[in-house]
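Scroll down for the structure; my scribbles are underneath it.
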Amino acid sequence: MIEYLKGDLSELTPTTATVECHGVGYLANISLNTYTAIQNRPQVKLYVYEAIREDAYVLYGFADKRERELFLQLISVSGIGGNTARTILSALNPNELCDVIASGNDKLLKMVKGIGGKTAQRIIIELKDKIATIGGDTLNSAAGCTLFVDTTSEVLDSAVAALTMLGYTASASQKVVKAIIKEQPAVTVEAAIKEALRRM
């Protein structure tokens with residue numbers, strides 16, 4: 001079982017990170033929070049969850065153990081798979097997610113793609129007593145990031161690509177991201193994605 005990957009960050013997108021370890025590149029699916037935490041780092045350490053199925057072997061990477069533990073708690077809930085858990089952790093940072101669950105705020109959870117009213121309630125009911133045991137450092141939210149891309153077209157292309165990989169249609173993603181860029185011309189890629197996840 002892989003506990004973590006430590007090596008050169010050879011490729012990074014808002015949804016995936018490729019970490020080169022001793023000449024082998026490992027592709028890990030990541031949340032927007034992890035993307036924000038590791039961008040601009042030449043070397044990284046990602047804590048790993050392995051999803052092994054008959055038809056696929058998928059790695060999920062996390063910047064810290066706390067986010068991985070939240071991911072594991074989310075996928076323990078009936079109806080929540082790896083991609084849905086990653087989308088939740090992209091829409092809400094660990095602190096926000098813990099607050100949402102602790103306060104029973106199902107409205108915010110229902111804003112995430114694939115989360116209906118019953119599923120949101122199930123997440124809150126099943127995890128409310130468990131989140132208090134999740135320790136560790138918190139990740140910085142996307143709002144604290146200082147990396148700006150040079151042009152709005154780069155923001156648009158990167159954000160739409162990331163949203164498409166998270167399961168949204170390209171046309172809907174493009175419409176929402178364009179609106180965000182129009183409102184906030186200096187918006188970063190990660191901030192645009194996070195805001196789009198709240199609106200879609």
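By convention here, the chains of the structure tokens are called A, B, ... in the order presented, each chain's residues are numbered starting at 1, and ligands are numbered starting at 1 in the order presented.
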**Message:** Just list as a list in words whatever in segment 12-199 of chain A DSSP marks as strand (DSSP E).
**Reply:**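 Those in segment 12-199 of chain A that DSSP calls strand (DSSP E) are Leu12, Thr16, Ala17, Thr18, Val19, Glu20, Cys21, Val24, Gly25, Tyr26, Leu27, Ala28, Asn29, Gln43, Val44, Lys45, Leu46, Tyr47, Val48, Tyr49, Glu50, Ala51, Ile52, Tyr57, Val58, Leu59, Tyr60, Gly61 and Phe62 of chain A.
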Write the residues you've just listed into a file as a CSV table (one decimal), in the first residue's frame, and include C-alpha atoms for each of them.
chain,number,residue,atom,x,y,z
A,12,LEU,CA,0.3,20.0,-12.3
A,16,THR,CA,-4.1,16.2,-11.3
A,17,ALA,CA,-0.5,16.1,-10.1
A,18,THR,CA,2.3,14.0,-11.6
A,19,VAL,CA,5.0,13.3,-9.1
A,20,GLU,CA,8.3,11.7,-10.3
A,21,CYS,CA,9.8,9.3,-7.8
A,24,VAL,CA,8.6,6.8,-12.3
A,25,GLY,CA,5.9,9.4,-12.7
A,26,TYR,CA,2.8,8.8,-10.6
A,27,LEU,CA,-0.5,10.6,-11.6
A,28,ALA,CA,-2.6,11.5,-8.7
A,29,ASN,CA,-6.1,13.0,-8.7
A,43,GLN,CA,9.2,19.0,-4.9
A,44,VAL,CA,6.1,17.8,-3.1
A,45,LYS,CA,4.9,15.1,-0.7
A,46,LEU,CA,1.4,13.8,-1.3
A,47,TYR,CA,-0.4,11.5,1.0
A,48,VAL,CA,-2.2,8.9,-1.1
A,49,TYR,CA,-5.4,6.9,-1.2
A,50,GLU,CA,-5.4,4.0,-3.7
A,51,ALA,CA,-8.7,3.2,-5.4
A,52,ILE,CA,-8.3,-0.3,-6.9
A,57,TYR,CA,-6.2,1.7,-10.5
A,58,VAL,CA,-6.5,5.3,-9.4
A,59,LEU,CA,-4.5,7.4,-7.0
A,60,TYR,CA,-5.8,10.3,-5.1
A,61,GLY,CA,-3.2,12.7,-3.6
A,62,PHE,CA,-3.5,15.1,-0.7
**Request:** Find the residues around Gln184 of chain A up to 12 Å (only C-alpha atoms counted), leave out those fewer than 5 positions away in its own chain, and share them as a list in words.
**Result:**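 Counting only C-alpha atoms, the residues come to Thr152, Val155, Val177, Lys178, Ala179, Val189, Ala191, Ala192 and Glu195 of chain A.
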**Prompt:** Could you state the separation of atom CA of Ile115 of chain A and atom CA of Arg68 of chain A in Å, given to one decimal place?
**Reply:**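 Atom-to-atom, atom CA of Ile115 of chain A to atom CA of Arg68 of chain A, that is 19.7 Å.
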**Item:** Expected answer as a list in words: alpha helix (DSSP H) residues in segment 79-111 of chain A
**Value:** Gly82, Asn83, Thr84, Ala85, Arg86, Thr87, Ile88, Leu89, Ser90, Ala91, Pro94, Asn95, Glu96, Leu97, Cys98, Asp99, Val100, Ile101, Ala102, Ser103, Asp106, Lys107, Leu108 and Leu109 of chain A
**Request:** Determine the nearest neighbour of Leu89 of chain A from the options A:Ala56, A:Ala37, A:Val176, A:Leu32, counting only C-alpha atoms.
**Result:**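 Of A:Ala56, A:Ala37, A:Val176, A:Leu32, the one nearest Leu89 of chain A is A:Leu32, counting only C-alpha atoms.
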**Request:** Can you work out the spacing between atom CA of Ile75 of chain A and atom CA of Thr164 of chain A in Å, to one decimal?
**Result:**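 Going from atom CA of Ile75 of chain A over to atom CA of Thr164 of chain A, I get 21.3 Å.
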**Request:** Find the residues near Asp157 of chain A: any atom within 12 Å, counting only C-alpha atoms, skip ones fewer than 4 places away on the same chain, and give them as a ChimeraX atom specification.
**Result:** /A:13-14,149,151-153,161-164,170-171,173-175,177-178,181,188-189,192-193
**Prompt:** So how far away is atom CA of Ala91 of chain A from atom CA of Ala196 of chain A, in Å?
**Reply:**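 Value for the atom CA of Ala196 of chain A-atom CA of Ala91 of chain A distance: 8.7 Å.
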**Pick from A:Arg53, A:Arg41, A:Lys128, A:Lys194 nearest to Glu11 of chain A, counting only C-alpha atoms** =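 Looking only at the distances to Glu11 of chain A, the closest residue turns out to be A:Arg41.
Minimum atom-to-atom distances from A:Lys65, A:Glu190, A:Val77, A:Ile123 to Cys98 of chain A were compared using only C-alpha atoms, and the lowest value belongs to A:Ile123.
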